[in-house]
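Shown here: coords18.txt, compact mmCIF, C-alpha atoms.
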# COMPACT_ATOMS: atom_id res chain seq x y z
CA MET N 148 -20.33 5.03 15.18
CA PRO N 149 -20.00 2.16 17.68
CA THR N 150 -19.46 2.84 21.37
CA ILE N 151 -15.72 2.59 21.89
CA GLU N 152 -13.48 2.33 24.94
CA ILE N 153 -10.65 4.74 25.66
CA GLY N 154 -8.00 2.07 25.05
CA GLN N 155 -9.45 1.19 21.64
CA TYR N 156 -9.76 4.82 20.66
CA LEU N 157 -6.15 5.58 21.60
CA LEU N 158 -4.83 2.46 19.86
CA VAL N 159 -6.38 3.52 16.55
CA TYR N 160 -5.48 7.18 17.14
CA ASN N 161 -1.82 6.34 17.72
CA ALA N 162 -1.74 3.87 14.81
CA PHE N 163 -2.93 6.59 12.43
CA SER N 164 -0.42 9.08 13.85
CA PHE N 165 2.45 6.60 13.57
CA THR N 166 1.54 5.68 10.01
CA PHE N 167 1.31 9.30 8.91
CA ALA N 168 4.82 9.91 10.29
CA THR N 169 6.13 6.70 8.68
CA MET N 170 4.72 7.56 5.25
CA ALA N 171 6.01 11.14 5.41
CA ALA N 172 9.50 9.96 6.43
CA ALA N 173 9.49 7.28 3.72
CA THR N 174 8.58 9.91 1.13
CA LEU N 175 11.57 12.08 2.04
CA PHE N 176 13.88 9.05 2.13
CA LEU N 177 12.79 7.82 -1.30
CA TRP N 178 12.86 11.20 -3.02
CA PHE N 179 16.23 12.16 -1.57
CA GLY N 180 17.38 8.65 -2.46
CA ARG N 181 17.00 9.49 -6.16
CA SER N 182 20.46 11.04 -5.97
CA GLN N 183 21.90 7.61 -5.13
CA VAL N 184 20.70 5.78 -8.27
CA GLY N 185 21.35 5.94 -11.99
CA PRO N 186 19.02 7.80 -14.39
CA ALA N 187 17.18 4.62 -15.40
CA TYR N 188 15.88 4.12 -11.86
CA LYS N 189 14.99 7.64 -10.79
CA THR N 190 11.41 7.30 -12.06
CA ALA N 191 10.87 4.14 -9.99
CA LEU N 192 11.92 5.98 -6.83
CA THR N 193 9.86 9.03 -7.77
CA ILE N 194 6.74 6.85 -8.06
CA SER N 195 7.62 4.95 -4.89
CA GLY N 196 7.86 8.25 -3.01
CA LEU N 197 4.63 9.40 -4.61
CA VAL N 198 2.90 6.32 -3.21
CA THR N 199 3.97 7.14 0.35
CA ALA N 200 3.23 10.85 -0.15
CA ILE N 201 -0.36 10.09 -1.20
CA ALA N 202 -0.65 7.71 1.74
CA ALA N 203 0.72 10.32 4.17
CA TYR N 204 -1.88 12.84 3.00
CA HIS N 205 -4.75 10.40 3.33
CA TYR N 206 -3.61 9.17 6.73
CA PHE N 207 -3.56 12.77 7.90
CA ARG N 208 -7.17 13.10 6.72
CA ILE N 209 -8.12 9.76 8.30
CA PHE N 210 -6.50 10.89 11.55
CA GLU N 211 -8.50 14.14 11.48
CA SER N 212 -11.73 12.29 10.73
CA TRP N 213 -11.18 9.82 13.59
CA GLU N 214 -10.44 12.67 15.99
CA SER N 215 -13.61 14.52 14.87
CA ALA N 216 -15.84 11.47 15.27
CA TYR N 217 -15.22 11.20 19.02
CA GLU N 218 -14.81 13.60 21.91
CA VAL N 219 -12.55 12.66 24.80
CA ARG N 220 -13.18 14.45 28.08
CA ASP N 221 -11.92 13.28 31.49
CA GLY N 222 -11.19 9.83 30.09
CA VAL N 223 -14.75 9.43 28.82
CA ILE N 224 -15.43 9.05 25.09
CA THR N 225 -18.62 10.25 23.47
CA VAL N 226 -19.70 10.19 19.84
CA THR N 227 -19.77 13.67 18.31
CA GLY N 228 -22.27 12.81 15.59
CA LEU N 229 -19.73 13.32 12.82
CA ALA N 230 -19.22 10.09 10.89
CA PHE N 231 -15.74 8.64 10.58
CA ASN N 232 -14.89 8.82 6.87
CA ASP N 233 -13.29 5.49 6.02
CA ALA N 234 -13.67 6.21 2.29
CA TYR N 235 -10.30 7.98 2.44
CA ARG N 236 -8.71 4.52 2.46
CA TYR N 237 -10.28 3.49 -0.81
CA VAL N 238 -9.45 6.80 -2.48
CA ASP N 239 -5.87 6.24 -1.35
CA TRP N 240 -5.78 2.62 -2.55
CA LEU N 241 -7.30 3.53 -5.91
CA LEU N 242 -4.29 5.77 -6.51
CA THR N 243 -1.49 3.92 -4.73
CA VAL N 244 -2.18 0.24 -5.42
CA PRO N 245 -1.67 0.50 -9.22
CA LEU N 246 1.44 2.65 -8.60
CA LEU N 247 2.87 0.01 -6.26
CA LEU N 248 2.86 -2.51 -9.08
CA ILE N 249 4.22 0.00 -11.59
CA GLU N 250 7.18 0.91 -9.36
CA LEU N 251 8.10 -2.77 -9.11
CA ILE N 252 7.95 -3.14 -12.90
CA LEU N 253 9.99 0.02 -13.49
CA VAL N 254 12.80 -0.98 -11.14
CA MET N 255 13.17 -4.24 -13.09
CA ARG N 256 14.00 -2.18 -16.23
CA LEU N 257 12.22 -4.40 -18.73
CA SER N 258 11.89 -3.53 -22.41
CA GLN N 259 9.75 -0.49 -23.17
CA GLU N 260 7.04 -2.65 -24.75
CA GLU N 261 6.93 -5.10 -21.84
CA THR N 262 6.98 -2.28 -19.27
CA MET N 263 4.04 -0.54 -20.92
CA SER N 264 2.05 -3.75 -21.38
CA LYS N 265 2.48 -5.03 -17.84
CA SER N 266 1.95 -1.60 -16.29
CA LEU N 267 -1.36 -1.14 -18.08
CA LYS N 268 -2.62 -4.66 -17.36
CA LEU N 269 -1.59 -4.76 -13.71
CA GLY N 270 -2.58 -1.13 -13.08
CA PHE N 271 -6.06 -1.71 -14.48
CA ALA N 272 -6.49 -4.97 -12.52
CA ALA N 273 -5.39 -3.24 -9.30
CA ALA N 274 -7.83 -0.36 -9.80
CA LEU N 275 -10.65 -2.81 -10.59
CA MET N 276 -9.86 -4.77 -7.42
CA ILE N 277 -10.24 -1.64 -5.28
CA ILE N 278 -13.40 -0.46 -7.03
CA LEU N 279 -15.10 -3.83 -6.57
CA GLY N 280 -14.07 -4.06 -2.92
CA TYR N 281 -15.51 -0.71 -1.84
CA PRO N 282 -19.27 -1.56 -2.01
CA GLY N 283 -18.59 -4.54 0.24
CA GLU N 284 -16.59 -2.45 2.71
CA ILE N 285 -19.47 -0.04 3.27
CA ALA N 286 -22.21 -2.71 3.20
CA ASP N 287 -24.34 -3.21 6.31
CA ASP N 288 -24.78 -6.96 5.80
CA ASN N 289 -22.22 -9.72 5.39
CA THR N 290 -23.92 -11.22 2.33
CA THR N 291 -23.36 -8.07 0.29
CA ARG N 292 -19.87 -7.81 1.73
CA ALA N 293 -19.14 -11.40 0.64
CA ILE N 294 -20.44 -10.87 -2.91
CA TRP N 295 -18.33 -7.79 -3.57
CA GLY N 296 -15.35 -9.30 -1.75
CA THR N 297 -15.54 -12.34 -4.04
CA LEU N 298 -15.72 -10.15 -7.14
CA SER N 299 -12.75 -8.13 -5.89
CA SER N 300 -10.72 -11.31 -5.46
CA ILE N 301 -10.89 -12.08 -9.20
CA PRO N 302 -8.49 -9.30 -10.28
CA PHE N 303 -6.46 -10.02 -7.13
CA VAL N 304 -5.87 -13.62 -8.30
CA TYR N 305 -4.87 -12.32 -11.72
CA ILE N 306 -2.35 -9.92 -10.14
CA VAL N 307 -0.85 -12.74 -8.07
CA TRP N 308 -0.56 -14.91 -11.18
CA GLU N 309 1.21 -12.10 -13.04
CA LEU N 310 3.58 -11.43 -10.12
CA PHE N 311 4.68 -15.05 -9.83
CA LYS N 312 4.17 -16.44 -13.33
CA GLY N 313 4.13 -13.47 -15.69
CA LEU N 314 7.18 -11.79 -14.13
CA GLY N 315 8.96 -15.01 -13.25
CA ALA N 316 11.08 -15.20 -16.42
CA SER N 317 11.86 -11.48 -16.25
CA ILE N 318 13.10 -11.80 -12.67
CA GLU N 319 15.41 -14.64 -13.65
CA ARG N 320 17.08 -12.33 -16.18
CA GLN N 321 17.92 -9.77 -13.47
CA PRO N 322 21.48 -9.39 -12.12
CA GLU N 323 22.36 -11.89 -9.41
CA SER N 324 22.98 -9.07 -6.93
CA VAL N 325 19.31 -8.00 -7.02
CA LYS N 326 17.44 -11.14 -8.02
CA GLY N 327 16.87 -12.12 -4.40
CA LEU N 328 15.75 -8.60 -3.43
CA ILE N 329 13.22 -8.49 -6.28
CA LYS N 330 11.81 -11.84 -5.20
CA LYS N 331 11.54 -10.50 -1.64
CA ALA N 332 9.77 -7.37 -2.88
CA ARG N 333 7.36 -9.52 -4.86
CA LEU N 334 6.75 -11.80 -1.88
CA LEU N 335 6.31 -8.85 0.50
CA THR N 336 3.80 -7.30 -1.91
CA PHE N 337 1.85 -10.56 -2.04
CA ALA N 338 2.00 -11.10 1.74
CA SER N 339 0.87 -7.57 2.60
CA TRP N 340 -1.88 -7.60 -0.02
CA GLY N 341 -3.00 -11.00 1.24
CA PHE N 342 -3.41 -9.48 4.70
CA TYR N 343 -6.06 -7.01 3.48
CA PRO N 344 -8.68 -9.72 2.76
CA ILE N 345 -8.10 -11.17 6.22
CA VAL N 346 -8.88 -7.79 7.76
CA TYR N 347 -11.81 -7.39 5.35
CA MET N 348 -13.32 -10.61 6.73
CA ILE N 349 -13.18 -9.62 10.41
CA PRO N 350 -16.93 -8.73 10.43
CA TYR N 351 -17.67 -12.39 9.50
CA THR N 352 -16.29 -13.50 12.87
CA ASN N 353 -17.85 -13.23 16.31
CA ILE N 354 -15.99 -9.96 16.78
CA GLY N 355 -18.33 -7.01 16.42
CA GLY N 356 -18.94 -3.40 17.32
CA ALA N 357 -16.04 -1.32 18.59
CA ALA N 358 -13.66 -4.30 18.71
CA ALA N 359 -14.22 -5.06 15.03
CA GLU N 360 -13.74 -1.40 14.12
CA THR N 361 -10.49 -1.31 16.09
CA TYR N 362 -9.08 -4.48 14.52
CA VAL N 363 -10.05 -3.37 11.01
CA GLN N 364 -8.43 0.05 11.33
CA VAL N 365 -5.22 -1.24 12.93
CA GLY N 366 -5.06 -4.20 10.53
CA TYR N 367 -5.35 -2.05 7.42
CA THR N 368 -2.78 0.34 8.89
CA ILE N 369 -0.20 -2.41 9.42
CA ALA N 370 -0.75 -3.71 5.89
CA ASP N 371 -0.33 -0.22 4.44
CA ILE N 372 3.00 0.34 6.20
CA VAL N 373 4.39 -2.95 4.90
CA ALA N 374 3.00 -2.62 1.36
CA LYS N 375 4.06 0.99 0.81
CA ALA N 376 6.97 1.99 3.04
CA GLY N 377 8.39 -1.53 3.35
CA VAL N 378 8.28 -2.33 -0.36
CA GLY N 379 9.49 1.20 -1.11
CA VAL N 380 12.71 0.59 0.85
CA LEU N 381 13.27 -2.67 -1.06
CA VAL N 382 12.74 -0.85 -4.38
CA TYR N 383 15.35 1.69 -3.28
CA LEU N 384 17.87 -1.07 -2.45
CA ILE N 385 17.21 -2.78 -5.79
CA ALA N 386 17.70 0.49 -7.66
CA VAL N 387 21.01 1.21 -5.87
CA ARG N 388 22.41 -2.26 -6.52
CA LYS N 389 21.31 -2.31 -10.16
CA SER N 390 22.80 1.13 -10.70
CA ARG N 391 26.16 -0.06 -9.46
CA ALA N 392 25.96 -3.29 -11.47
CA GLU N 393 24.90 -1.65 -14.74
CA TYR N 394 26.80 1.62 -14.68
CA GLY N 395 29.95 0.42 -12.96
CA GLU N 396 31.35 2.14 -9.91
CA ALA N 397 32.99 5.08 -11.69
CA ALA N 398 30.23 5.53 -14.25
CA TYR N 399 27.66 5.17 -11.48
CA GLU N 400 29.14 8.05 -9.54
CA THR N 401 29.10 10.19 -12.70
CA ALA N 402 25.55 9.15 -13.67
CA LYS N 403 23.97 9.89 -10.31
CA ALA N 404 25.63 13.31 -10.24
Could I get this structure in the form of structure tokens?
Amino acid sequence: MPTIEIGQYLLVYNAFSFTFATMAAATLFLWFGRSQVGPAYKTALTISGLVTAIAAYHYFRIFESWESAYEVRDGVITVTGLAFNDAYRYVDWLLTVPLLLIELILVMRLSQEETMSKSLKLGFAAALMIILGYPGEIADDNTTRAIWGTLSSIPFVYIVWELFKGLGASIERQPESVKGLIKKARLLTFASWGFYPIVYMIPYTNIGGAAAETYVQVGYTIADIVAKAGVGVLVYLIAVRKSRAEYGEAAYETAKA
């Protein structure tokens, strides 16, 4: 573990704590929000809440690992000898990243065949992207990091193409009241996912040691909040509006009950 200053330690510590609370709160909001949507959209909100629940659990474990890796006494930080386990992130992403794409597909309410096809293709590509990125994340040299990062970008490019080209026609068939929200959810997904590679490349810069560790941890944390809790709220809004549009006000009240 790199030698770290008290300010850097507390910044990461508080970022992990804040994110755990955010993910836990988002989980409750999304699962309780199932009562506000029609039957066709309950699964989308269940999966969206599952994403934040998995993230909350892993951020709790990340928080514990960070706290165990350092000892703070009288404002002085020393390394305990216990390694900070950053692998929790990749375990989390392996589960949540495919689900993030599936929740977006489900809330669009495509045909059963199209839903299954796109969920399998995008879910597999997302899992492959995470698996290929992990060896680079734990590599000690930037060359190895660059090789695996490049390989990981191949399924990422495919996912982006599917989001903007493959789902483009499907989005245009959505009700006018939600079309803009779906486009925002797609754009927010792309923007937050595009932030991860930027954080991944921090070690290529002149930033090193404790500063690099701090920026990487905080950067990934910000991206996670946007990609999971932020997109989850948009999925909830889409589901509510589509429920009202498709079931009608009176039927909607009956359906959600």
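Of the residues listed (N:Val325, N:Pro344, N:Gly196, N:Leu251), N:Pro344 shows the shortest atom-to-atom separation from Gly296 in chain N; distances use all atoms listed in the file.
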Would you mind listing what lies within 12 Å of Phe231 in chain N as an mmCIF file with C-alpha atoms, in the frame of the given file, with all atoms listed in the file counted and same-chain residues fewer than 3 positions away left out?
data_model
loop_
_atom_site.group_PDB
_atom_site.id
_atom_site.type_symbol
_atom_site.label_atom_id
_atom_site.label_comp_id
_atom_site.auth_asym_id
_atom_site.auth_seq_id
_atom_site.Cartn_x
_atom_site.Cartn_y
_atom_site.Cartn_z
ATOM 1 C CA MET N 148 -20.330 5.030 15.180
ATOM 2 C CA PRO N 149 -20.000 2.160 17.680
ATOM 3 C CA ARG N 208 -7.170 13.100 6.720
ATOM 4 C CA ILE N 209 -8.120 9.760 8.300
ATOM 5 C CA PHE N 210 -6.500 10.890 11.550
ATOM 6 C CA GLU N 211 -8.500 14.140 11.480
ATOM 7 C CA SER N 212 -11.730 12.290 10.730
ATOM 8 C CA TRP N 213 -11.180 9.820 13.590
ATOM 9 C CA GLU N 214 -10.440 12.670 15.990
ATOM 10 C CA SER N 215 -13.610 14.520 14.870
ATOM 11 C CA ALA N 216 -15.840 11.470 15.270
ATOM 12 C CA TYR N 217 -15.220 11.200 19.020
ATOM 13 C CA VAL N 226 -19.700 10.190 19.840
ATOM 14 C CA THR N 227 -19.770 13.670 18.310
ATOM 15 C CA GLY N 228 -22.270 12.810 15.590
ATOM 16 C CA ALA N 234 -13.670 6.210 2.290
ATOM 17 C CA TYR N 235 -10.300 7.980 2.440
ATOM 18 C CA ARG N 236 -8.710 4.520 2.460
ATOM 19 C CA ILE N 285 -19.470 -0.040 3.270
ATOM 20 C CA GLU N 360 -13.740 -1.400 14.120
ATOM 21 C CA GLN N 364 -8.430 0.050 11.330
#
Query raised in the report: Using only C-alpha atoms, which of N:Ile301, N:Ile294, N:Ala359, N:Val223 sits nearest Glu152 in chain N?
Result: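 Among the listed residues, N:Val223 lies closest to Glu152 in chain N.
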**Report entry** range 260-277 of chain N surroundings by only C-alpha atoms, 9 Å radius, close-in-sequence under 3 positions cut, as number ranges by chain
**Finding:** N: 237-238, 240-242, 244-249, 252-253, 255-257, 280-281, 298-303, 305-306, 309, 313
Query raised in the report: Neighbours of Phe165 in chain N within 12 Å (all atoms listed in the file; same-chain residues fewer than 3 positions away dropped), as a VMD selection string?
Result: chain N and resid 157 to 162 168 to 172 203 206 to 207 210 365 368 to 369 371 to 372
Query raised in the report: Which distance in Å separates CA of Phe167 in chain N and CA of Ile201 in chain N, to one decimal?
Result: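 Between CA of Phe167 in chain N and CA of Ile201 in chain N the gap works out to 10.3 Å.
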Report task. Return the single residue from N:Gly315, N:Gly327, N:Gly366, N:Pro282 that is closest to Arg388 in chain N, with distances computed using only C-alpha atoms. Result ->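 Closest residue, counting only C-alpha atoms: N:Gly327.
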My structure is short of atoms at range 336-361 of chain N; please model N, CA and C atoms there, returning them as a CSV table (one decimal), in the coordinates of the input.
chain,number,residue,atom,x,y,z
N,336,THR,N,5.0,-7.9,-1.3
N,336,THR,CA,3.8,-7.3,-1.9
N,336,THR,C,2.6,-8.3,-1.8
N,337,PHE,N,2.9,-9.5,-2.1
N,337,PHE,CA,1.8,-10.6,-2.0
N,337,PHE,C,1.4,-10.8,-0.6
N,338,ALA,N,2.3,-10.8,0.3
N,338,ALA,CA,2.0,-11.1,1.7
N,338,ALA,C,1.2,-10.0,2.3
N,339,SER,N,1.6,-8.7,2.1
N,339,SER,CA,0.9,-7.6,2.6
N,339,SER,C,-0.5,-7.4,2.0
N,340,TRP,N,-0.6,-7.7,0.7
N,340,TRP,CA,-1.9,-7.6,0.0
N,340,TRP,C,-2.8,-8.7,0.4
N,341,GLY,N,-2.2,-9.9,0.7
N,341,GLY,CA,-3.0,-11.0,1.2
N,341,GLY,C,-3.5,-10.8,2.6
N,342,PHE,N,-2.9,-9.8,3.4
N,342,PHE,CA,-3.4,-9.5,4.7
N,342,PHE,C,-4.7,-8.6,4.7
N,343,TYR,N,-4.9,-7.9,3.6
N,343,TYR,CA,-6.1,-7.0,3.5
N,343,TYR,C,-7.4,-7.8,3.5
N,344,PRO,N,-7.4,-8.9,2.7
N,344,PRO,CA,-8.7,-9.7,2.8
N,344,PRO,C,-9.0,-10.3,4.1
N,345,ILE,N,-7.9,-10.6,4.9
N,345,ILE,CA,-8.1,-11.2,6.2
N,345,ILE,C,-8.8,-10.1,7.1
N,346,VAL,N,-8.3,-8.9,7.0
N,346,VAL,CA,-8.9,-7.8,7.8
N,346,VAL,C,-10.3,-7.5,7.3
N,347,TYR,N,-10.5,-7.6,6.0
N,347,TYR,CA,-11.8,-7.4,5.4
N,347,TYR,C,-12.8,-8.4,5.9
N,348,MET,N,-12.4,-9.6,6.3
N,348,MET,CA,-13.3,-10.6,6.7
N,348,MET,C,-13.6,-10.6,8.2
N,349,ILE,N,-13.0,-9.7,9.0
N,349,ILE,CA,-13.2,-9.6,10.4
N,349,ILE,C,-14.7,-9.6,10.8
N,350,PRO,N,-15.5,-8.8,10.1
N,350,PRO,CA,-16.9,-8.7,10.4
N,350,PRO,C,-17.6,-10.1,10.3
N,351,TYR,N,-17.0,-11.1,9.6
N,351,TYR,CA,-17.7,-12.4,9.5
N,351,TYR,C,-17.5,-13.2,10.8
N,352,THR,N,-16.6,-12.8,11.6
N,352,THR,CA,-16.3,-13.5,12.9
N,352,THR,C,-17.3,-13.1,14.0
N,353,ASN,N,-17.0,-13.6,15.2
N,353,ASN,CA,-17.8,-13.2,16.3
N,353,ASN,C,-17.5,-11.9,16.9
N,354,ILE,N,-16.4,-11.3,16.3
N,354,ILE,CA,-16.0,-10.0,16.8
N,354,ILE,C,-16.9,-8.9,16.2
N,355,GLY,N,-17.4,-8.0,16.9
N,355,GLY,CA,-18.3,-7.0,16.4
N,355,GLY,C,-18.1,-5.7,17.1
N,356,GLY,N,-18.9,-4.7,16.7
N,356,GLY,CA,-18.9,-3.4,17.3
N,356,GLY,C,-17.6,-2.7,17.3
N,357,ALA,N,-17.3,-2.1,18.5
N,357,ALA,CA,-16.0,-1.3,18.6
N,357,ALA,C,-14.8,-2.2,18.4
N,358,ALA,N,-14.8,-3.4,18.9
N,358,ALA,CA,-13.7,-4.3,18.7
N,358,ALA,C,-13.4,-4.6,17.2
N,359,ALA,N,-14.4,-4.8,16.5
N,359,ALA,CA,-14.2,-5.1,15.0
N,359,ALA,C,-13.7,-3.8,14.3
N,360,GLU,N,-14.2,-2.7,14.7
N,360,GLU,CA,-13.7,-1.4,14.1
N,360,GLU,C,-12.3,-1.2,14.4
N,361,THR,N,-11.9,-1.5,15.7
N,361,THR,CA,-10.5,-1.3,16.1
N,361,THR,C,-9.6,-2.2,15.3
